[in-house]
$ cat protein-v7.pdb   # PDB, C-alpha atoms and all ligand atoms
MODEL        1
ATOM      1  CA  MET A1374      11.939  -5.591  14.205
ATOM      2  CA  SER A1375      10.193  -5.633  17.583
ATOM      3  CA  VAL A1376       8.891  -2.475  19.253
ATOM      4  CA  ARG A1377      11.925  -2.583  21.559
ATOM      5  CA  GLU A1378      14.267  -2.921  18.564
ATOM      6  CA  PHE A1379      12.460  -0.093  16.815
ATOM      7  CA  PHE A1380      13.052   2.340  19.680
ATOM      8  CA  ALA A1381      16.661   1.153  20.062
ATOM      9  CA  ARG A1382      17.218   1.941  16.399
ATOM     10  CA  PHE A1383      15.275   5.216  16.432
ATOM     11  CA  PRO A1384      15.541   6.653  19.956
ATOM     12  CA  ASN A1385      15.105  10.292  18.857
ATOM     13  CA  ASP A1386      14.567  12.648  15.916
ATOM     14  CA  ASP A1387      18.310  12.824  15.158
ATOM     15  CA  ALA A1388      18.415   9.061  14.578
ATOM     16  CA  CYS A1389      15.439   9.377  12.203
ATOM     17  CA  LEU A1390      17.165  12.203  10.364
ATOM     18  CA  VAL A1391      20.345  10.118   9.925
ATOM     19  CA  HIS A1392      18.194   7.327   8.484
ATOM     20  CA  ILE A1393      16.609   9.735   5.996
ATOM     21  CA  MET A1394      20.117  10.954   5.053
ATOM     22  CA  ASN A1395      21.139   7.320   4.481
ATOM     23  CA  VAL A1396      18.126   6.570   2.299
ATOM     24  CA  ARG A1397      18.144   9.821   0.312
ATOM     25  CA  PHE A1398      21.882  10.611   0.081
ATOM     26  CA  GLY A1399      23.597   7.319   0.932
ATOM     27  CA  GLY A1400      24.832   8.632   4.292
ATOM     28  CA  THR A1401      26.116  11.838   5.875
ATOM     29  CA  THR A1402      29.482  11.697   4.065
ATOM     30  CA  MET A1403      29.211  12.848   0.470
ATOM     31  CA  ASP A1404      30.586  15.085  -2.255
ATOM     32  CA  CYS A1405      29.180  18.517  -1.469
ATOM     33  CA  PRO A1406      26.840  19.629  -4.270
ATOM     34  CA  ALA A1407      28.053  23.226  -3.768
ATOM     35  CA  CYS A1408      31.869  23.087  -3.341
ATOM     36  CA  GLY A1409      32.402  19.576  -4.744
ATOM     37  CA  VAL A1410      34.683  18.504  -1.863
ATOM     38  CA  GLU A1411      33.905  15.285  -0.033
ATOM     39  CA  GLY A1412      33.225  15.616   3.676
ATOM     40  CA  GLU A1413      31.061  14.517   6.549
ATOM     41  CA  PHE A1414      28.056  16.796   6.838
ATOM     42  CA  HIS A1415      27.196  17.728  10.406
ATOM     43  CA  LYS A1416      23.757  18.407  11.799
ATOM     44  CA  LEU A1417      22.873  21.919  12.925
ATOM     45  CA  ARG A1418      21.590  22.113  16.479
ATOM     46  CA  ASP A1419      17.773  22.294  16.818
ATOM     47  CA  ARG A1420      17.250  22.277  13.064
ATOM     48  CA  ARG A1421      16.478  19.481  10.598
ATOM     49  CA  VAL A1422      19.445  20.606   8.517
ATOM     50  CA  TYR A1423      22.967  19.288   7.744
ATOM     51  CA  ALA A1424      25.901  21.483   6.664
ATOM     52  CA  CYS A1425      29.038  20.909   4.560
ATOM     53  CA  PRO A1426      32.211  21.009   6.752
ATOM     54  CA  HIS A1427      34.056  23.044   4.081
ATOM     55  CA  CYS A1428      31.649  25.632   2.692
ATOM     56  CA  LEU A1429      28.717  25.292   5.151
ATOM     57  CA  HIS A1430      26.308  24.559   2.289
ATOM     58  CA  GLN A1431      23.101  23.277   3.869
ATOM     59  CA  ILE A1432      21.037  20.191   3.061
ATOM     60  CA  ALA A1433      17.595  19.609   4.561
ATOM     61  CA  PRO A1434      16.937  15.834   4.397
ATOM     62  CA  THR A1435      13.195  16.363   4.831
ATOM     63  CA  ALA A1436      12.932  19.003   2.086
ATOM     64  CA  ASN A1437      10.048  18.330  -0.324
ATOM     65  CA  THR A1438       8.674  15.584   1.912
ATOM     66  CA  ILE A1439       5.571  15.408   4.080
ATOM     67  CA  LEU A1440       7.898  15.673   7.099
ATOM     68  CA  HIS A1441       9.273  19.094   6.250
ATOM     69  CA  ASP A1442       6.786  21.365   7.968
ATOM     70  CA  THR A1443       5.429  18.904  10.487
ATOM     71  CA  ARG A1444       5.356  19.813  14.166
ATOM     72  CA  THR A1445       4.943  16.147  15.044
ATOM     73  CA  PRO A1446       8.307  14.604  16.090
ATOM     74  CA  LEU A1447       9.972  12.516  13.381
ATOM     75  CA  VAL A1448      10.061   9.583  15.811
ATOM     76  CA  SER A1449       6.254   9.669  15.916
ATOM     77  CA  TRP A1450       6.090   9.550  12.117
ATOM     78  CA  PHE A1451       8.577   6.683  12.020
ATOM     79  CA  TYR A1452       6.700   4.802  14.720
ATOM     80  CA  ALA A1453       3.454   5.293  12.798
ATOM     81  CA  MET A1454       5.135   3.831   9.674
ATOM     82  CA  TYR A1455       6.390   0.962  11.812
ATOM     83  CA  LEU A1456       2.843   0.284  13.040
ATOM     84  CA  PHE A1457       1.506   0.304   9.478
ATOM     85  CA  ALA A1458       4.247  -2.114   8.379
ATOM     86  CA  THR A1459       3.741  -4.578  11.229
ATOM     87  CA  THR A1460      -0.063  -4.689  11.511
ATOM     88  CA  ARG A1461      -2.179  -7.222   9.672
ATOM     89  CA  HIS A1462      -5.596  -5.591   9.973
ATOM     90  CA  GLY A1463      -4.631  -1.940   9.583
ATOM     91  CA  VAL A1464      -4.261   0.921  12.051
ATOM     92  CA  SER A1465      -7.295   2.952  13.114
ATOM     93  CA  GLY A1466      -7.163   6.687  13.811
ATOM     94  CA  LYS A1467      -7.992   6.014  17.463
ATOM     95  CA  GLU A1468      -5.148   3.520  17.774
ATOM     96  CA  LEU A1469      -2.672   5.985  16.231
ATOM     97  CA  GLN A1470      -3.970   8.742  18.501
ATOM     98  CA  ARG A1471      -3.311   6.585  21.555
ATOM     99  CA  GLN A1472       0.075   5.255  20.427
ATOM    100  CA  LEU A1473       1.469   8.628  19.317
ATOM    101  CA  GLY A1474      -0.152  10.816  21.952
ATOM    102  CA  VAL A1475      -1.447  13.297  19.381
ATOM    103  CA  THR A1476      -4.952  14.622  18.664
ATOM    104  CA  TYR A1477      -7.328  12.455  16.643
ATOM    105  CA  LYS A1478      -7.193  14.974  13.807
ATOM    106  CA  THR A1479      -3.387  14.783  13.647
ATOM    107  CA  ALA A1480      -3.442  10.990  13.929
ATOM    108  CA  TYR A1481      -5.977  10.741  11.096
ATOM    109  CA  ARG A1482      -3.885  13.009   8.866
ATOM    110  CA  ILE A1483      -0.689  11.059   9.583
ATOM    111  CA  GLY A1484      -2.493   7.803   8.794
ATOM    112  CA  MET A1485      -3.780   9.109   5.465
ATOM    113  CA  GLN A1486      -0.344  10.414   4.458
ATOM    114  CA  ILE A1487       1.287   7.094   5.291
ATOM    115  CA  ARG A1488      -1.326   5.286   3.164
ATOM    116  CA  THR A1489      -0.400   7.635   0.311
ATOM    117  CA  LEU A1490       3.285   6.755   0.828
ATOM    118  CA  MET A1491       2.460   3.052   0.692
ATOM    119  CA  GLY A1492       0.674   3.607  -2.611
ATOM    120  CA  LYS A1493       3.677   5.459  -4.033
ATOM    121  CA  ALA A1494       6.168   2.852  -2.828
ATOM    122  CA  ASP A1495       4.305  -0.121  -4.285
ATOM    123  CA  PHE A1496       4.694  -2.134  -7.494
ATOM    124  CA  ASP A1497       3.976  -0.064 -10.580
ATOM    125  CA  GLY A1498       4.009  -2.090 -13.756
ATOM    126  CA  LEU A1499       2.313  -4.753 -15.856
ATOM    127  CA  LEU A1500       1.436  -8.182 -14.493
ATOM    128  CA  SER A1501       2.347 -11.220 -16.593
ATOM    129  CA  GLY A1502       2.483 -14.999 -16.542
ATOM    130  CA  HIS A1503      -0.666 -16.397 -14.931
ATOM    131  CA  VAL A1504      -2.871 -13.662 -13.466
ATOM    132  CA  GLN A1505      -6.013 -14.045 -11.336
ATOM    133  CA  ALA A1506      -8.593 -11.263 -11.504
ATOM    134  CA  ASP A1507     -11.541 -10.936  -9.157
ATOM    135  CA  GLU A1508     -13.864  -8.062  -8.277
ATOM    136  CA  ALA A1509     -15.424  -7.295  -4.910
ATOM    137  CA  TYR A1510     -17.794  -4.867  -3.177
ATOM    138  CA  VAL A1511     -16.198  -3.168  -0.196
ATOM    139  CA  GLY A1512     -16.953  -0.469   2.395
ATOM    140  CA  GLY A1513     -20.344   1.110   2.859
ATOM    141  CA  ARG A1514     -22.612   0.902   5.874
ATOM    142  CA  ARG A1515     -21.523  -1.236   8.748
ATOM    143  CA  SER A1516     -24.902  -2.248  10.085
ATOM    144  CA  GLY A1517     -28.576  -1.644   9.444
ATOM    145  CA  GLY A1518     -30.204  -1.490   6.081
ATOM    146  CA  LYS A1519     -29.208  -3.583   3.134
ATOM    147  CA  ARG A1520     -26.062  -5.643   3.079
ATOM    148  CA  GLY A1521     -24.051  -7.025   0.219
ATOM    149  CA  ARG A1522     -23.776  -5.833  -3.322
ATOM    150  CA  GLY A1523     -26.619  -3.353  -3.401
ATOM    151  CA  ALA A1524     -25.870  -1.726  -0.032
ATOM    152  CA  PRO A1525     -25.400   2.054  -0.085
ATOM    153  CA  GLY A1526     -21.876   3.453  -0.198
ATOM    154  CA  LYS A1527     -20.276   0.262  -1.521
ATOM    155  CA  THR A1528     -17.196   0.667  -3.684
ATOM    156  CA  ILE A1529     -16.482  -1.804  -6.482
ATOM    157  CA  VAL A1530     -12.883  -2.935  -6.631
ATOM    158  CA  MET A1531     -10.843  -5.191  -8.899
ATOM    159  CA  GLY A1532      -7.863  -7.204  -7.715
ATOM    160  CA  MET A1533      -5.332  -8.786 -10.082
ATOM    161  CA  GLN A1534      -2.552 -11.021  -8.836
ATOM    162  CA  GLU A1535       0.303 -12.586 -10.742
ATOM    163  CA  GLU A1536       1.083 -16.127  -9.621
ATOM    164  CA  GLY A1537       4.091 -15.821  -7.305
ATOM    165  CA  GLY A1538       4.157 -12.096  -8.065
ATOM    166  CA  PRO A1539       2.602  -8.768  -7.218
ATOM    167  CA  LEU A1540      -1.001  -7.857  -6.510
ATOM    168  CA  VAL A1541      -2.590  -4.789  -8.106
ATOM    169  CA  THR A1542      -5.930  -3.352  -6.974
ATOM    170  CA  ARG A1543      -8.104  -0.753  -8.685
ATOM    171  CA  ILE A1544     -11.437   0.928  -8.005
ATOM    172  CA  ILE A1545     -13.818   0.418 -10.911
ATOM    173  CA  PRO A1546     -17.075   2.300 -11.620
ATOM    174  CA  ASP A1547     -19.179  -0.773 -12.478
ATOM    175  CA  VAL A1548     -18.941  -4.421 -13.520
ATOM    176  CA  LYS A1549     -19.992  -3.901 -17.125
ATOM    177  CA  LYS A1550     -17.996  -5.867 -19.665
ATOM    178  CA  PRO A1551     -16.132  -2.878 -21.191
ATOM    179  CA  THR A1552     -15.024  -1.799 -17.691
ATOM    180  CA  LEU A1553     -13.737  -5.250 -16.702
ATOM    181  CA  ARG A1554     -12.016  -5.634 -20.025
ATOM    182  CA  ALA A1555     -10.325  -2.207 -19.774
ATOM    183  CA  VAL A1556      -8.916  -2.761 -16.285
ATOM    184  CA  VAL A1557      -7.328  -6.066 -17.380
ATOM    185  CA  ASN A1558      -5.937  -4.466 -20.540
ATOM    186  CA  GLU A1559      -4.386  -1.655 -18.512
ATOM    187  CA  ASN A1560      -2.686  -3.892 -15.941
ATOM    188  CA  VAL A1561      -1.899  -7.251 -17.539
ATOM    189  CA  GLU A1562       0.628  -7.922 -20.297
ATOM    190  CA  LYS A1563      -0.782  -9.330 -23.551
ATOM    191  CA  GLY A1564      -0.193 -13.051 -23.946
ATOM    192  CA  SER A1565      -0.669 -13.736 -20.220
ATOM    193  CA  VAL A1566      -3.051 -16.360 -18.878
ATOM    194  CA  VAL A1567      -5.984 -14.676 -17.067
ATOM    195  CA  SER A1568      -8.309 -16.479 -14.650
ATOM    196  CA  THR A1569     -11.586 -14.764 -13.730
ATOM    197  CA  ASP A1570     -15.071 -15.578 -12.494
ATOM    198  CA  GLU A1571     -18.014 -15.925 -14.864
ATOM    199  CA  LEU A1572     -18.618 -12.151 -15.050
ATOM    200  CA  MET A1573     -15.899 -11.961 -17.671
ATOM    201  CA  SER A1574     -17.524 -13.764 -20.547
ATOM    202  CA  TYR A1575     -15.630 -16.187 -22.728
ATOM    203  CA  GLY A1576     -13.997 -14.694 -25.772
ATOM    204  CA  LEU A1577     -13.873 -11.158 -24.428
ATOM    205  CA  LEU A1578     -10.244 -11.316 -23.297
ATOM    206  CA  GLU A1579      -9.209 -13.898 -25.900
ATOM    207  CA  GLY A1580      -9.880 -11.218 -28.514
ATOM    208  CA  ASP A1581      -7.411  -8.956 -26.699
ATOM    209  CA  GLY A1582      -4.625 -11.544 -26.921
ATOM    210  CA  TYR A1583      -4.978 -13.242 -23.543
ATOM    211  CA  VAL A1584      -5.411 -16.905 -22.708
ATOM    212  CA  HIS A1585      -8.611 -16.691 -20.672
ATOM    213  CA  GLY A1586     -10.483 -19.106 -18.454
ATOM    214  CA  SER A1587     -13.161 -18.682 -15.817
ATOM    215  CA  VAL A1588     -14.633 -20.471 -12.832
ATOM    216  CA  LYS A1589     -18.366 -20.410 -12.104
ATOM    217  CA  HIS A1590     -18.685 -18.954  -8.624
ATOM    218  CA  ALA A1591     -22.466 -18.995  -8.813
ATOM    219  CA  ALA A1592     -22.227 -22.789  -9.160
ATOM    220  CA  LYS A1593     -19.676 -22.959  -6.309
ATOM    221  CA  GLU A1594     -16.897 -23.903  -8.694
ATOM    222  CA  TRP A1595     -13.590 -22.580  -7.259
ATOM    223  CA  SER A1596     -11.071 -24.172  -9.553
ATOM    224  CA  ARG A1597     -11.222 -25.681 -13.023
ATOM    225  CA  TYR A1598      -8.626 -27.415 -15.199
ATOM    226  CA  ASP A1599      -8.793 -26.432 -18.856
ATOM    227  CA  TYR A1600      -7.512 -29.376 -20.941
ATOM    228  CA  ARG A1601      -7.264 -27.294 -24.102
ATOM    229  CA  GLN A1602      -5.006 -24.726 -22.403
ATOM    230  CA  GLY A1603      -3.338 -27.035 -19.873
ATOM    231  CA  VAL A1604      -4.089 -24.466 -17.148
ATOM    232  CA  THR A1605      -5.888 -24.680 -13.796
ATOM    233  CA  HIS A1606      -8.076 -21.596 -13.388
ATOM    234  CA  SER A1607      -8.916 -20.190  -9.979
ATOM    235  CA  THR A1608      -9.294 -16.808  -8.298
ATOM    236  CA  ASN A1609      -8.681 -18.064  -4.761
ATOM    237  CA  ALA A1610      -5.647 -15.891  -3.970
ATOM    238  CA  VAL A1611      -7.411 -12.640  -4.853
ATOM    239  CA  GLU A1612     -10.573 -13.739  -3.042
ATOM    240  CA  GLY A1613      -8.442 -14.399   0.046
ATOM    241  CA  PHE A1614      -7.112 -10.853  -0.147
ATOM    242  CA  TRP A1615     -10.636  -9.416  -0.403
ATOM    243  CA  ARG A1616     -11.752 -11.498   2.586
ATOM    244  CA  LEU A1617      -8.907 -10.124   4.727
ATOM    245  CA  PHE A1618      -9.551  -6.593   3.486
ATOM    246  CA  LYS A1619     -13.290  -6.682   4.225
ATOM    247  CA  ALA A1620     -12.853  -8.291   7.652
ATOM    248  CA  SER A1621     -10.130  -5.784   8.576
ATOM    249  CA  VAL A1622     -12.150  -2.784   7.446
ATOM    250  CA  ARG A1623     -15.110  -4.033   9.489
ATOM    251  CA  SER A1624     -13.031  -4.568  12.630
ATOM    252  CA  THR A1625     -10.658  -1.595  12.420
ATOM    253  CA  HIS A1626     -12.530   1.216  10.729
ATOM    254  CA  VAL A1627     -16.121   2.231  11.335
ATOM    255  CA  GLN A1628     -16.728   3.293   7.784
ATOM    256  CA  ILE A1629     -14.642   4.172   4.762
ATOM    257  CA  SER A1630     -16.170   6.471   2.194
ATOM    258  CA  SER A1631     -15.700   5.855  -1.527
ATOM    259  CA  LYS A1632     -13.641   9.041  -1.576
ATOM    260  CA  HIS A1633     -10.970   7.550   0.705
ATOM    261  CA  MET A1634     -11.223   3.897  -0.330
ATOM    262  CA  ALA A1635      -8.249   4.156  -2.724
ATOM    263  CA  ARG A1636      -5.848   4.976   0.111
ATOM    264  CA  TYR A1637      -6.984   2.076   2.296
ATOM    265  CA  LEU A1638      -6.696  -0.206  -0.718
ATOM    266  CA  ASP A1639      -3.153   1.066  -1.331
ATOM    267  CA  GLU A1640      -2.305   0.313   2.299
ATOM    268  CA  PHE A1641      -3.501  -3.294   2.224
ATOM    269  CA  THR A1642      -2.135  -3.965  -1.250
ATOM    270  CA  PHE A1643       1.315  -2.674  -0.273
ATOM    271  CA  ARG A1644       1.332  -4.884   2.823
ATOM    272  CA  ALA A1645       0.202  -7.933   0.853
ATOM    273  CA  ASN A1646       3.020  -7.348  -1.628
ATOM    274  CA  HIS A1647       5.745  -6.995   1.035
ATOM    275  CA  ARG A1648       4.576  -9.039   3.991
ATOM    276  CA  GLU A1649       7.670 -11.277   3.884
ATOM    277  CA  ARG A1650       9.956  -8.290   4.325
ATOM    278  CA  MET A1651       8.842  -6.063   7.170
ATOM    279  CA  ASN A1652      12.059  -4.020   7.393
ATOM    280  CA  ALA A1653      12.037  -3.519   3.622
ATOM    281  CA  MET A1654       8.486  -2.169   3.915
ATOM    282  CA  PHE A1655       9.668   0.419   6.373
ATOM    283  CA  ASP A1656      12.626   1.460   4.212
ATOM    284  CA  LEU A1657      10.470   1.624   1.077
ATOM    285  CA  MET A1658       8.125   4.005   2.881
ATOM    286  CA  VAL A1659      11.013   6.229   3.978
ATOM    287  CA  ALA A1660      12.400   6.157   0.432
ATOM    288  CA  ALA A1661       8.962   7.185  -0.890
ATOM    289  CA  LEU A1662       8.945  10.265   1.322
TER
HETATM  290 ZN    ZN A1701      30.622  22.337   0.492
ENDMDL
END
$ encode --input "protein-v7.pdb" --output "structure tokens"
Amino acid sequence: MSVREFFARFPNDDACLVHIMNVRFGGTTMDCPACGVEGEFHKLRDRRVYACPHCLHQIAPTANTILHDTRTPLVSWFYAMYLFATTRHGVSGKELQRQLGVTYKTAYRIGMQIRTLMGKADFDGLLSGHVQADEAYVGGRRSGGKRGRGAPGKTIVMGMQEEGGPLVTRIIPDVKKPTLRAVVNENVEKGSVVSTDELMSYGLLEGDGYVHGSVKHAAKEWSRYDYRQGVTHSTNAVEGFWRLFKASVRSTHVQISSKHMARYLDEFTFRANHRERMNAMFDLMVAAL
């Protein structure tokens, strides 16, 4: 969907409201929950409300959503969701401010709420099959002072990706063995093959019922075939995600505090999981409202 197609599909708030009716109620024609008679609900003028043609029972499509009390036009919210779905490197508050013509404060709030939506709409389950797991240090100071792992304000994150399947990311407090072990146990089905770097020592995950193998990043080993298991271990896919995430955060956002890191992670993880289906991303976000 191009920008032109977006605005042809959603020219005004009424068009957005119809779309929400479609996603939440399967359309504007339905069995009335009050009188039970089927009919086409009509929109009340100047209100985000539809009414039953028989008994005038009212339905507010935005009820219990972040859009209910907003003074920002629905088109602006939809366009913001469109921008989040179509970007590769994320959307900064300044960019949203300019595109939507709202204050920075409003733009920032809209951005954060859309990131929350993306988190809600994403894969929620156990990974299985062959899973790569790799940790990374993200965020913190942009320039000056120390860089890398010990830099102030860094957040430690763990990414786990099923081969040909979803990616799951989590913030972890440290890289101690019990922490690494717990995050795998919570997100990966027992019996799966797990590939990690050397931080996860041999035997740790085997005891939990996984088939485990590791590559030695310190020795610049990126992939290793285990003859005993018949499996090639690598964490390249997850590392690629962390590279994109770090580069995007550096170029798009000045600084992300640990407090807000989870929402940015949700944003990038959701996009990585749905990048082949841009329109589906948009609809999933609306459904998550
Ligand atoms: Zn009715």
$ residues_around --input "protein-v7.pdb" --residues "A:Ser1574" --least-positions-apart "4" --cutoff "10 Å" --atoms "only C-alpha atoms" --output "NGL selection string"
:A and (1550 or 1554 or 1569-1570 or 1578-1579 or 1585-1587)
$ residues_around --input "protein-v7.pdb" --residues "stretch 1525-1536 of chain A" --least-positions-apart "5" --cutoff "6 Å" --atoms "all atoms listed in the file" --output "number ranges by chain"
A: 1500, 1503-1513, 1541-1545, 1631
$ resolve_selection --input "protein-v7.pdb" --expression "the PyMOL selection byres (((chain A and resi 1476-1484) around 8) and not hetatm)" --output "PyMOL selection string"
chain A and resi 1450+1453+1464+1466-1467+1469-1470+1473-1475+1485-1488
$ closest_residue --input "protein-v7.pdb" --among "A:Val1391, A:Val1376, A:Cys1405, A:Ala1660" --to "ligand ZN 1701 (chain A)" --atoms "only C-alpha atoms and all ligand atoms"
A:Cys1405
$ residues_near_ligand --input "protein-v7.pdb" --ligand "ligand ZN 1701 (chain A)" --cutoff "9 Å" --atoms "all atoms listed in the file" --output "list in words"
Asp1404, Cys1405, Pro1406, Ala1407, Cys1408, Gly1409, Val1410, Glu1411, Gly1412, Phe1414, Ala1424, Cys1425, Pro1426, His1427, Cys1428, Leu1429, His1430 and Gln1431 of chain A
$ closest_residue --input "protein-v7.pdb" --among "A:Ala1645, A:Arg1650, A:Tyr1598, A:His1462" --to "A:Ala1610" --atoms "only C-alpha atoms"
A:Ala1645
$ resolve_selection --input "protein-v7.pdb" --expression "the PyMOL selection byres (((chain A and resi 1379) around 12) and not hetatm)" --output "PyMOL selection string"
chain A and resi 1374-1378+1380-1385+1388-1389+1448-1449+1451-1456+1458-1459+1651-1652+1655
$ atom_distance --input "protein-v7.pdb" --atom1 "atom CA of A:Pro1446" --atom2 "atom CA of A:Gly1400"
21.2 Å
$ atom_distance --input "protein-v7.pdb" --atom1 "atom CA of A:His1626" --atom2 "atom CA of A:Asp1497"
27.0 Å
$ closest_residue --input "protein-v7.pdb" --among "A:Gln1602, A:Thr1401, A:Ser1465, A:Thr1445" --to "A:Gln1628" --atoms "all atoms listed in the file"
A:Ser1465
$ closest_residue --input "protein-v7.pdb" --among "A:Gly1580, A:Arg1397, A:Tyr1637, A:Arg1648" --to "A:Leu1490" --atoms "all atoms listed in the file"
A:Tyr1637
$ atom_distance --input "protein-v7.pdb" --atom1 "atom CA of A:Val1566" --atom2 "atom CA of A:Ala1635"
26.6 Å
$ closest_residue --input "protein-v7.pdb" --among "A:Lys1549, A:Arg1597, A:Arg1461, A:Arg1421" --to "A:Thr1443" --atoms "only C-alpha atoms"
A:Arg1421
$ closest_residue --input "protein-v7.pdb" --among "A:Glu1468, A:Met1573, A:Asn1558, A:Val1584" --to "A:Gly1603" --atoms "only C-alpha atoms"
A:Val1584
$ decode --input "protein-v7.pdb" --residues "stretch 1447-1488 of chain A" --atoms "C-alpha atoms" --output "PDB file, in the first residue's frame"
ATOM      1  CA  LEU A1447      -8.556   8.878  13.431  1.00  0.00           C
ATOM      2  CA  VAL A1448      -6.905   9.381  10.034  1.00  0.00           C
ATOM      3  CA  SER A1449      -3.800  10.663  11.832  1.00  0.00           C
ATOM      4  CA  TRP A1450      -3.722   7.558  14.030  1.00  0.00           C
ATOM      5  CA  PHE A1451      -4.175   5.307  11.005  1.00  0.00           C
ATOM      6  CA  TYR A1452      -1.479   7.146   9.082  1.00  0.00           C
ATOM      7  CA  ALA A1453       0.868   6.806  12.057  1.00  0.00           C
ATOM      8  CA  MET A1454       0.195   3.029  12.099  1.00  0.00           C
ATOM      9  CA  TYR A1455       0.836   2.971   8.362  1.00  0.00           C
ATOM     10  CA  LEU A1456       4.191   4.712   8.879  1.00  0.00           C
ATOM     11  CA  PHE A1457       5.169   2.224  11.588  1.00  0.00           C
ATOM     12  CA  ALA A1458       4.221  -0.697   9.321  1.00  0.00           C
ATOM     13  CA  THR A1459       6.116   0.559   6.275  1.00  0.00           C
ATOM     14  CA  THR A1460       9.334   1.887   7.838  1.00  0.00           C
ATOM     15  CA  ARG A1461      12.444  -0.223   8.221  1.00  0.00           C
ATOM     16  CA  HIS A1462      14.366   1.864  10.747  1.00  0.00           C
ATOM     17  CA  GLY A1463      11.508   3.059  12.941  1.00  0.00           C
ATOM     18  CA  VAL A1464       9.678   6.372  13.237  1.00  0.00           C
ATOM     19  CA  SER A1465      11.084   9.162  15.405  1.00  0.00           C
ATOM     20  CA  GLY A1466       8.902  11.537  17.419  1.00  0.00           C
ATOM     21  CA  LYS A1467      10.086  14.430  15.250  1.00  0.00           C
ATOM     22  CA  GLU A1468       9.142  12.588  12.069  1.00  0.00           C
ATOM     23  CA  LEU A1469       5.661  11.801  13.427  1.00  0.00           C
ATOM     24  CA  GLN A1470       5.263  15.407  14.558  1.00  0.00           C
ATOM     25  CA  ARG A1471       6.028  16.628  11.045  1.00  0.00           C
ATOM     26  CA  GLN A1472       3.935  14.026   9.213  1.00  0.00           C
ATOM     27  CA  LEU A1473       0.854  14.368  11.436  1.00  0.00           C
ATOM     28  CA  GLY A1474       1.055  18.087  12.130  1.00  0.00           C
ATOM     29  CA  VAL A1475       0.650  17.612  15.879  1.00  0.00           C
ATOM     30  CA  THR A1476       2.783  18.744  18.832  1.00  0.00           C
ATOM     31  CA  TYR A1477       5.897  16.746  19.688  1.00  0.00           C
ATOM     32  CA  LYS A1478       4.279  15.640  22.938  1.00  0.00           C
ATOM     33  CA  THR A1479       1.233  14.262  21.103  1.00  0.00           C
ATOM     34  CA  ALA A1480       3.415  12.633  18.448  1.00  0.00           C
ATOM     35  CA  TYR A1481       5.559  10.970  21.121  1.00  0.00           C
ATOM     36  CA  ARG A1482       2.483   9.641  22.929  1.00  0.00           C
ATOM     37  CA  ILE A1483       0.956   8.293  19.707  1.00  0.00           C
ATOM     38  CA  GLY A1484       4.249   6.586  18.855  1.00  0.00           C
ATOM     39  CA  MET A1485       4.471   4.910  22.259  1.00  0.00           C
ATOM     40  CA  GLN A1486       0.864   3.695  22.082  1.00  0.00           C
ATOM     41  CA  ILE A1487       1.404   2.237  18.624  1.00  0.00           C
ATOM     42  CA  ARG A1488       4.510   0.402  19.891  1.00  0.00           C
TER      43      ARG A1488
END
